[in-house]
$ cat structure_27.csv   # CSV, N, CA and C atoms
chain,number,residue,atom,x,y,z
A,1346,VAL,N,35.5,201.2,81.6
A,1346,VAL,CA,36.0,199.8,81.4
A,1346,VAL,C,37.2,199.7,82.3
A,1347,THR,N,37.2,198.6,83.0
A,1347,THR,CA,38.4,198.3,83.8
A,1347,THR,C,39.0,196.9,83.4
A,1348,GLY,N,40.3,196.7,83.5
A,1348,GLY,CA,40.9,195.4,83.1
A,1348,GLY,C,42.3,195.6,82.8
A,1349,GLU,N,43.1,194.5,82.7
A,1349,GLU,CA,44.5,194.5,82.4
A,1349,GLU,C,44.8,194.1,81.0
A,1350,PHE,N,45.8,194.7,80.4
A,1350,PHE,CA,46.2,194.2,79.1
A,1350,PHE,C,47.7,194.2,79.0
A,1351,PHE,N,48.2,193.3,78.2
A,1351,PHE,CA,49.7,193.2,78.0
A,1351,PHE,C,50.0,194.1,76.8
A,1352,PRO,N,51.2,194.8,76.8
A,1352,PRO,CA,51.4,195.8,75.8
A,1352,PRO,C,51.2,195.3,74.4
A,1353,ASP,N,51.3,194.0,74.1
A,1353,ASP,CA,51.1,193.5,72.7
A,1353,ASP,C,49.6,193.1,72.5
A,1354,ASP,N,48.7,193.7,73.2
A,1354,ASP,CA,47.3,193.6,72.9
A,1354,ASP,C,46.6,192.3,73.3
A,1355,PHE,N,47.1,191.6,74.4
A,1355,PHE,CA,46.2,190.5,74.8
A,1355,PHE,C,45.5,191.0,76.1
A,1356,LEU,N,44.3,190.7,76.3
A,1356,LEU,CA,43.5,191.2,77.4
A,1356,LEU,C,43.6,190.1,78.5
A,1357,LYS,N,43.7,190.5,79.7
A,1357,LYS,CA,43.9,189.6,80.9
A,1357,LYS,C,42.9,189.9,82.0
A,1358,GLY,N,42.5,188.8,82.6
A,1358,GLY,CA,41.6,188.9,83.8
A,1358,GLY,C,40.2,189.2,83.4
A,1359,VAL,N,39.5,189.7,84.4
A,1359,VAL,CA,38.1,190.0,84.3
A,1359,VAL,C,37.9,191.5,83.9
A,1360,TRP,N,37.4,191.8,82.8
A,1360,TRP,CA,37.1,193.1,82.3
A,1360,TRP,C,35.7,193.5,82.7
A,1361,LYS,N,35.5,194.7,83.3
A,1361,LYS,CA,34.2,195.1,83.7
A,1361,LYS,C,33.8,196.4,82.9
A,1362,GLU,N,32.6,196.4,82.4
A,1362,GLU,CA,32.1,197.6,81.7
A,1362,GLU,C,31.0,198.2,82.5
A,1363,TYR,N,31.0,199.5,82.6
A,1363,TYR,CA,30.0,200.3,83.4
A,1363,TYR,C,29.3,201.3,82.5
A,1364,ASP,N,28.0,201.5,82.9
A,1364,ASP,CA,27.3,202.6,82.2
A,1364,ASP,C,27.7,203.9,82.8
A,1365,GLU,N,27.1,205.0,82.3
A,1365,GLU,CA,27.4,206.4,82.7
A,1365,GLU,C,27.1,206.6,84.1
A,1366,GLN,N,26.2,205.8,84.7
A,1366,GLN,CA,25.8,206.0,86.1
A,1366,GLN,C,26.7,205.2,87.0
A,1367,GLY,N,27.6,204.4,86.5
A,1367,GLY,CA,28.5,203.6,87.3
A,1367,GLY,C,28.0,202.2,87.6
A,1368,ASN,N,27.0,201.8,86.9
A,1368,ASN,CA,26.4,200.5,87.1
A,1368,ASN,C,27.2,199.5,86.3
A,1369,LEU,N,27.5,198.3,86.8
A,1369,LEU,CA,28.2,197.3,86.1
A,1369,LEU,C,27.2,196.7,85.1
A,1370,VAL,N,27.6,196.8,83.8
A,1370,VAL,CA,26.7,196.3,82.7
A,1370,VAL,C,27.2,195.0,82.1
A,1371,LYS,N,28.5,194.7,82.2
A,1371,LYS,CA,29.1,193.5,81.5
A,1371,LYS,C,30.4,193.1,82.2
A,1372,GLU,N,30.6,191.8,82.3
A,1372,GLU,CA,31.9,191.3,82.8
A,1372,GLU,C,32.3,190.2,81.8
A,1373,THR,N,33.6,190.3,81.4
A,1373,THR,CA,34.2,189.3,80.5
A,1373,THR,C,35.4,188.8,81.1
A,1374,ASP,N,35.5,187.5,81.3
A,1374,ASP,CA,36.7,186.8,81.9
A,1374,ASP,C,37.5,186.3,80.8
A,1375,TYR,N,38.5,187.1,80.4
A,1375,TYR,CA,39.4,186.7,79.3
A,1375,TYR,C,40.4,185.5,79.6
A,1376,ASP,N,40.5,185.3,80.9
A,1376,ASP,CA,41.4,184.2,81.4
A,1376,ASP,C,40.7,182.8,81.4
A,1377,ALA,N,39.4,182.8,81.4
A,1377,ALA,CA,38.6,181.6,81.7
A,1377,ALA,C,39.1,180.4,80.8
A,1378,PRO,N,39.2,180.5,79.5
A,1378,PRO,CA,39.6,179.4,78.7
A,1378,PRO,C,41.1,178.9,78.9
A,1379,TYR,N,41.9,179.7,79.5
A,1379,TYR,CA,43.3,179.5,79.6
A,1379,TYR,C,43.7,178.9,80.9
A,1380,LYS,N,43.7,177.5,81.0
A,1380,LYS,CA,44.1,176.8,82.2
A,1380,LYS,C,45.6,176.9,82.3
A,1381,PHE,N,46.3,177.0,81.2
A,1381,PHE,CA,47.7,177.3,81.3
A,1381,PHE,C,47.8,178.8,81.2
A,1382,THR,N,48.1,179.4,82.4
A,1382,THR,CA,47.9,180.8,82.6
A,1382,THR,C,49.1,181.6,82.1
A,1383,TRP,N,48.9,182.9,82.2
A,1383,TRP,CA,50.0,183.9,81.9
A,1383,TRP,C,51.2,183.6,82.8
A,1384,GLU,N,50.9,183.4,84.1
A,1384,GLU,CA,52.0,183.1,85.0
A,1384,GLU,C,52.8,181.8,84.6
A,1385,ASN,N,52.1,180.8,84.0
A,1385,ASN,CA,52.7,179.6,83.5
A,1385,ASN,C,53.6,179.9,82.3
A,1386,VAL,N,53.1,180.8,81.4
A,1386,VAL,CA,53.8,181.2,80.3
A,1386,VAL,C,55.1,182.0,80.7
A,1387,LEU,N,55.0,182.8,81.7
A,1387,LEU,CA,56.2,183.5,82.2
A,1387,LEU,C,57.2,182.5,82.7
A,1388,GLU,N,56.8,181.5,83.4
A,1388,GLU,CA,57.7,180.4,83.9
A,1388,GLU,C,58.4,179.8,82.7
A,1389,LEU,N,57.7,179.5,81.6
A,1389,LEU,CA,58.3,178.9,80.4
A,1389,LEU,C,59.3,179.8,79.8
A,1390,ILE,N,59.0,181.1,79.7
A,1390,ILE,CA,59.9,182.1,79.2
A,1390,ILE,C,61.2,182.2,80.0
A,1391,LYS,N,61.0,182.2,81.3
A,1391,LYS,CA,62.2,182.2,82.2
A,1391,LYS,C,63.1,181.0,82.0
A,1392,LYS,N,62.4,179.8,82.0
A,1392,LYS,CA,63.1,178.5,81.9
A,1392,LYS,C,63.9,178.4,80.6
A,1393,ARG,N,63.3,179.0,79.5
A,1393,ARG,CA,64.0,179.0,78.2
A,1393,ARG,C,64.9,180.1,78.0
A,1394,GLU,N,65.0,181.0,79.0
A,1394,GLU,CA,65.9,182.2,79.0
A,1394,GLU,C,65.7,183.1,77.8
A,1395,ILE,N,64.4,183.3,77.6
A,1395,ILE,CA,64.0,184.2,76.5
A,1395,ILE,C,64.1,185.6,77.0
A,1396,ASP,N,64.7,186.5,76.2
A,1396,ASP,CA,64.9,187.9,76.5
A,1396,ASP,C,63.6,188.7,76.2
A,1397,MET,N,62.9,189.0,77.3
A,1397,MET,CA,61.6,189.8,77.2
A,1397,MET,C,61.9,191.2,76.8
A,1398,ASN,N,63.1,191.7,76.9
A,1398,ASN,CA,63.4,193.1,76.5
A,1398,ASN,C,63.8,193.2,75.1
A,1399,HIS,N,64.0,192.1,74.4
A,1399,HIS,CA,64.3,192.2,72.9
A,1399,HIS,C,63.2,192.9,72.2
A,1400,GLU,N,63.6,193.7,71.2
A,1400,GLU,CA,62.6,194.5,70.5
A,1400,GLU,C,61.6,193.7,69.8
A,1401,GLN,N,61.8,192.5,69.4
A,1401,GLN,CA,60.9,191.6,68.7
A,1401,GLN,C,60.1,190.7,69.6
A,1402,PHE,N,60.3,190.8,70.9
A,1402,PHE,CA,59.5,189.9,71.9
A,1402,PHE,C,58.0,190.3,71.8
A,1403,GLN,N,57.2,189.2,71.8
A,1403,GLN,CA,55.8,189.4,71.8
A,1403,GLN,C,55.1,188.2,72.3
A,1404,VAL,N,54.0,188.4,73.1
A,1404,VAL,CA,53.2,187.3,73.5
A,1404,VAL,C,51.8,187.6,73.1
A,1405,ASN,N,51.1,186.6,72.4
A,1405,ASN,CA,49.7,186.8,72.0
A,1405,ASN,C,49.0,185.5,72.5
A,1406,ARG,N,47.7,185.7,72.6
A,1406,ARG,CA,46.9,184.5,72.9
A,1406,ARG,C,45.6,184.6,72.0
A,1407,SER,N,45.2,183.5,71.5
A,1407,SER,CA,44.1,183.5,70.6
A,1407,SER,C,43.5,182.1,70.4
A,1408,PHE,N,42.6,182.0,69.5
A,1408,PHE,CA,42.0,180.7,69.1
A,1408,PHE,C,42.5,180.3,67.7
A,1409,GLY,N,43.5,181.0,67.2
A,1409,GLY,CA,44.1,180.6,65.9
A,1409,GLY,C,45.3,181.5,65.6
A,1410,PHE,N,46.3,180.9,65.0
A,1410,PHE,CA,47.5,181.6,64.7
A,1410,PHE,C,48.0,181.3,63.3
A,1411,GLY,N,48.4,182.3,62.6
A,1411,GLY,CA,49.0,182.2,61.3
A,1411,GLY,C,48.1,181.7,60.2
A,1412,THR,N,48.7,181.3,59.2
A,1412,THR,CA,47.9,180.8,58.0
A,1412,THR,C,47.3,179.4,58.3
A,1413,GLU,N,47.8,178.7,59.2
A,1413,GLU,CA,47.2,177.4,59.5
A,1413,GLU,C,46.0,177.4,60.5
A,1414,ASN,N,45.8,178.6,61.1
A,1414,ASN,CA,44.7,178.8,62.0
A,1414,ASN,C,44.7,177.7,63.1
A,1415,ILE,N,45.8,177.4,63.7
A,1415,ILE,CA,45.9,176.4,64.8
A,1415,ILE,C,44.9,176.8,65.8
A,1416,GLY,N,44.0,175.8,66.2
A,1416,GLY,CA,43.0,176.1,67.2
A,1416,GLY,C,41.7,176.4,66.7
A,1417,LYS,N,41.5,176.9,65.5
A,1417,LYS,CA,40.2,177.3,65.0
A,1417,LYS,C,39.3,176.1,64.9
A,1418,GLU,N,39.8,175.0,64.5
A,1418,GLU,CA,39.0,173.8,64.3
A,1418,GLU,C,38.6,173.2,65.6
A,1419,THR,N,39.4,173.3,66.7
A,1419,THR,CA,39.1,172.7,68.0
A,1419,THR,C,38.5,173.7,68.9
A,1420,GLU,N,38.5,175.0,68.7
A,1420,GLU,CA,38.1,176.0,69.6
A,1420,GLU,C,38.9,176.0,70.9
A,1421,LYS,N,40.1,175.5,70.8
A,1421,LYS,CA,41.0,175.5,72.0
A,1421,LYS,C,41.8,176.8,72.0
A,1422,PRO,N,42.1,177.3,73.2
A,1422,PRO,CA,43.0,178.5,73.3
A,1422,PRO,C,44.4,178.2,73.1
A,1423,PHE,N,45.2,179.1,72.5
A,1423,PHE,CA,46.6,178.9,72.3
A,1423,PHE,C,47.3,180.2,72.7
A,1424,TRP,N,48.6,180.0,73.1
A,1424,TRP,CA,49.5,181.1,73.3
A,1424,TRP,C,50.5,181.1,72.2
A,1425,ALA,N,51.0,182.3,71.8
A,1425,ALA,CA,52.1,182.3,70.9
A,1425,ALA,C,53.2,183.3,71.5
A,1426,VAL,N,54.4,182.7,71.6
A,1426,VAL,CA,55.5,183.5,72.1
A,1426,VAL,C,56.5,183.7,70.9
A,1427,THR,N,56.7,185.0,70.5
A,1427,THR,CA,57.6,185.3,69.4
A,1427,THR,C,58.7,186.1,70.0
A,1428,TYR,N,60.0,185.7,69.6
A,1428,TYR,CA,61.1,186.4,70.1
A,1428,TYR,C,62.3,186.4,69.2
A,1429,GLY,N,63.1,187.4,69.2
A,1429,GLY,CA,64.3,187.4,68.4
A,1429,GLY,C,65.5,187.0,69.2
A,1430,VAL,N,66.5,186.7,68.5
A,1430,VAL,CA,67.8,186.4,69.1
A,1430,VAL,C,68.8,187.3,68.4
A,1431,ASN,N,69.6,188.0,69.2
A,1431,ASN,CA,70.6,188.9,68.6
A,1431,ASN,C,71.5,188.2,67.7
A,1432,GLY,N,71.7,188.8,66.5
A,1432,GLY,CA,72.6,188.2,65.5
A,1432,GLY,C,71.9,187.3,64.5
A,1433,ARG,N,70.5,187.1,64.7
A,1433,ARG,CA,69.8,186.2,63.8
A,1433,ARG,C,68.8,187.1,63.1
A,1434,GLU,N,68.5,186.7,61.8
A,1434,GLU,CA,67.6,187.5,61.0
A,1434,GLU,C,66.2,186.9,61.1
A,1435,LYS,N,66.0,185.9,61.8
A,1435,LYS,CA,64.7,185.2,61.9
A,1435,LYS,C,64.1,185.4,63.4
A,1436,LEU,N,62.8,185.2,63.5
A,1436,LEU,CA,62.2,185.2,64.8
A,1436,LEU,C,61.8,183.8,65.2
A,1437,ASN,N,62.0,183.5,66.5
A,1437,ASN,CA,61.5,182.2,67.0
A,1437,ASN,C,60.1,182.3,67.4
A,1438,VAL,N,59.3,181.3,67.1
A,1438,VAL,CA,57.9,181.3,67.5
A,1438,VAL,C,57.6,180.0,68.2
A,1439,ILE,N,57.0,180.0,69.3
A,1439,ILE,CA,56.5,178.9,70.1
A,1439,ILE,C,55.0,179.0,70.2
A,1440,ILE,N,54.3,177.9,69.8
A,1440,ILE,CA,52.8,177.9,70.0
A,1440,ILE,C,52.6,176.9,71.1
A,1441,ILE,N,51.8,177.4,72.1
A,1441,ILE,CA,51.6,176.6,73.3
A,1441,ILE,C,50.1,176.4,73.5
A,1442,ASP,N,49.7,175.1,73.8
A,1442,ASP,CA,48.3,174.8,74.1
A,1442,ASP,C,47.9,175.6,75.4
A,1443,GLY,N,46.8,176.4,75.3
A,1443,GLY,CA,46.4,177.2,76.4
A,1443,GLY,C,45.7,176.4,77.5
A,1444,VAL,N,45.4,175.2,77.3
A,1444,VAL,CA,44.8,174.4,78.3
A,1444,VAL,C,45.8,173.6,79.1
A,1445,ASN,N,46.7,172.8,78.4
A,1445,ASN,CA,47.6,171.9,79.1
A,1445,ASN,C,49.0,172.3,79.1
A,1446,GLY,N,49.4,173.4,78.3
A,1446,GLY,CA,50.7,173.9,78.3
A,1446,GLY,C,51.7,173.2,77.4
A,1447,SER,N,51.2,172.2,76.7
A,1447,SER,CA,52.1,171.5,75.8
A,1447,SER,C,52.5,172.4,74.6
A,1448,ILE,N,53.7,172.2,74.1
A,1448,ILE,CA,54.2,172.9,73.0
A,1448,ILE,C,53.7,172.2,71.7
A,1449,ILE,N,52.9,172.9,71.0
A,1449,ILE,CA,52.3,172.4,69.8
A,1449,ILE,C,53.2,172.5,68.6
A,1450,LYS,N,53.9,173.6,68.5
A,1450,LYS,CA,54.8,173.8,67.4
A,1450,LYS,C,55.9,174.9,67.7
A,1451,LYS,N,57.1,174.7,67.2
A,1451,LYS,CA,58.1,175.6,67.2
A,1451,LYS,C,58.6,175.9,65.8
A,1452,TYR,N,58.8,177.1,65.4
A,1452,TYR,CA,59.3,177.4,64.1
A,1452,TYR,C,60.0,178.7,64.0
A,1453,LEU,N,60.8,178.9,63.0
A,1453,LEU,CA,61.5,180.1,62.7
A,1453,LEU,C,60.7,180.9,61.7
A,1454,GLU,N,60.6,182.2,61.9
A,1454,GLU,CA,59.8,183.0,61.0
A,1454,GLU,C,60.7,184.2,60.5
A,1455,ASP,N,60.6,184.4,59.2
A,1455,ASP,CA,61.3,185.6,58.6
A,1455,ASP,C,60.6,186.8,59.2
A,1456,TYR,N,61.4,187.8,59.3
A,1456,TYR,CA,60.8,189.1,59.8
A,1456,TYR,C,60.5,189.9,58.6
A,1457,PRO,N,59.3,190.4,58.3
A,1457,PRO,CA,58.1,190.3,59.1
A,1457,PRO,C,57.2,189.1,59.0
A,1458,ALA,N,57.4,188.2,58.0
A,1458,ALA,CA,56.5,187.1,57.8
A,1458,ALA,C,57.3,185.9,57.2
A,1459,GLY,N,56.8,184.7,57.4
A,1459,GLY,CA,57.5,183.6,56.7
A,1459,GLY,C,57.1,182.3,57.4
A,1460,GLY,N,58.0,181.4,57.6
A,1460,GLY,CA,57.7,180.1,58.3
A,1460,GLY,C,58.6,178.9,58.0
A,1461,ASP,N,59.9,179.0,58.3
A,1461,ASP,CA,60.7,177.8,58.2
A,1461,ASP,C,60.6,177.0,59.6
A,1462,TYR,N,60.4,175.7,59.5
A,1462,TYR,CA,60.3,175.0,60.8
A,1462,TYR,C,61.6,174.9,61.5
A,1463,ASP,N,61.6,174.9,62.8
A,1463,ASP,CA,62.8,174.9,63.6
A,1463,ASP,C,62.9,173.4,64.1
A,1464,ASP,N,63.9,172.7,63.8
A,1464,ASP,CA,64.1,171.3,64.2
A,1464,ASP,C,64.8,171.2,65.5
A,1465,GLU,N,65.0,172.3,66.3
A,1465,GLU,CA,65.7,172.2,67.6
A,1465,GLU,C,64.8,171.3,68.6
$ encode --input "structure_27.csv" --output "structure tokens"
Amino acid sequence: VTGEFFPDDFLKGVWKEYDEQGNLVKETDYDAPYKFTWENVLELIKKREIDMNHEQFQVNRSFGFGTENIGKETEKPFWAVTYGVNGREKLNVIIIDGVNGSIIKKYLEDYPAGGDYDDE
């Protein structure tokens, strides 16, 4: 199997699977549904000056997040950026539409779980 992955377990790009003889048997394009790309997410992270080196920094992409399962009903892809701020006991979470890049929701989350809405 060949392909790229982000350390927090999201798969990126086209993954190729080969049989024992080296023949390509399957290709999966994990980026296809995401018109708002990983590179776009990086721009957003930089623009918001989010510390990617913070121990609680994480980026995930999925078709549903949290208990509300954002995206499950619409089958639309979403990004979730979770990050901590030094001196705060909560994590910031930003949910981003994976197609158009609009911010769907921002909230504060207790570590390890919770959900107070962020009115910023």
$ atom_distance --input "structure_27.csv" --atom1 "atom N of A:Val1370" --atom2 "atom C of A:Gly1358"
14.7 Å
$ residues_around --input "structure_27.csv" --residues "stretch 1423-1426 of chain A" --least-positions-apart "4" --cutoff "8 Å" --atoms "all atoms listed in the file" --output "ChimeraX atom specification"
/A:1378-1379,1401-1410,1415-1416,1436-1444
$ atom_distance --input "structure_27.csv" --atom1 "atom CA of A:Asp1455" --atom2 "atom CA of A:Tyr1428"
11.5 Å
$ residues_around --input "structure_27.csv" --residues "A:Lys1435" --least-positions-apart "2" --cutoff "6 Å" --atoms "all atoms listed in the file" --output "list of chain:residue names"
A:Gly1429, A:Val1430, A:Arg1433, A:Asn1437, A:Leu1453, A:Glu1454, A:Asp1455, A:Tyr1456
$ write_last_selection --input "structure_27.csv" --atoms "N, CA and C atoms" --output "PDB file, in the coordinates of the input"
ATOM      1  N   GLY A1429      63.100 187.400  69.200  1.00  0.00           N
ATOM      2  CA  GLY A1429      64.300 187.400  68.400  1.00  0.00           C
ATOM      3  C   GLY A1429      65.500 187.000  69.200  1.00  0.00           C
ATOM      4  N   VAL A1430      66.500 186.700  68.500  1.00  0.00           N
ATOM      5  CA  VAL A1430      67.800 186.400  69.100  1.00  0.00           C
ATOM      6  C   VAL A1430      68.800 187.300  68.400  1.00  0.00           C
ATOM      7  N   ARG A1433      70.500 187.100  64.700  1.00  0.00           N
ATOM      8  CA  ARG A1433      69.800 186.200  63.800  1.00  0.00           C
ATOM      9  C   ARG A1433      68.800 187.100  63.100  1.00  0.00           C
ATOM     10  N   ASN A1437      62.000 183.500  66.500  1.00  0.00           N
ATOM     11  CA  ASN A1437      61.500 182.200  67.000  1.00  0.00           C
ATOM     12  C   ASN A1437      60.100 182.300  67.400  1.00  0.00           C
ATOM     13  N   LEU A1453      60.800 178.900  63.000  1.00  0.00           N
ATOM     14  CA  LEU A1453      61.500 180.100  62.700  1.00  0.00           C
ATOM     15  C   LEU A1453      60.700 180.900  61.700  1.00  0.00           C
ATOM     16  N   GLU A1454      60.600 182.200  61.900  1.00  0.00           N
ATOM     17  CA  GLU A1454      59.800 183.000  61.000  1.00  0.00           C
ATOM     18  C   GLU A1454      60.700 184.200  60.500  1.00  0.00           C
ATOM     19  N   ASP A1455      60.600 184.400  59.200  1.00  0.00           N
ATOM     20  CA  ASP A1455      61.300 185.600  58.600  1.00  0.00           C
ATOM     21  C   ASP A1455      60.600 186.800  59.200  1.00  0.00           C
ATOM     22  N   TYR A1456      61.400 187.800  59.300  1.00  0.00           N
ATOM     23  CA  TYR A1456      60.800 189.100  59.800  1.00  0.00           C
ATOM     24  C   TYR A1456      60.500 189.900  58.600  1.00  0.00           C
TER      25      TYR A1456
END
$ select_by_dssp --input "structure_27.csv" --residues "stretch 1379-1457 of chain A" --states "strand (DSSP E or B)" --output "list of chain:residue names"
A:Gln1403, A:Val1404, A:Asn1405, A:Arg1406, A:Ser1407, A:Phe1423, A:Trp1424, A:Ala1425, A:Val1426, A:Thr1427, A:Tyr1428, A:Gly1429, A:Lys1435, A:Leu1436, A:Asn1437, A:Val1438, A:Ile1439, A:Ile1440, A:Ile1441, A:Asp1442, A:Ile1448, A:Ile1449, A:Lys1450, A:Lys1451, A:Tyr1452, A:Leu1453, A:Glu1454, A:Asp1455
$ atom_distance --input "structure_27.csv" --atom1 "atom CA of A:Leu1356" --atom2 "atom N of A:Tyr1375"
7.1 Å
$ closest_residue --input "structure_27.csv" --among "A:Gly1446, A:Glu1372, A:Glu1434, A:Thr1382" --to "A:Trp1360" --atoms "only C-alpha atoms"
A:Glu1372
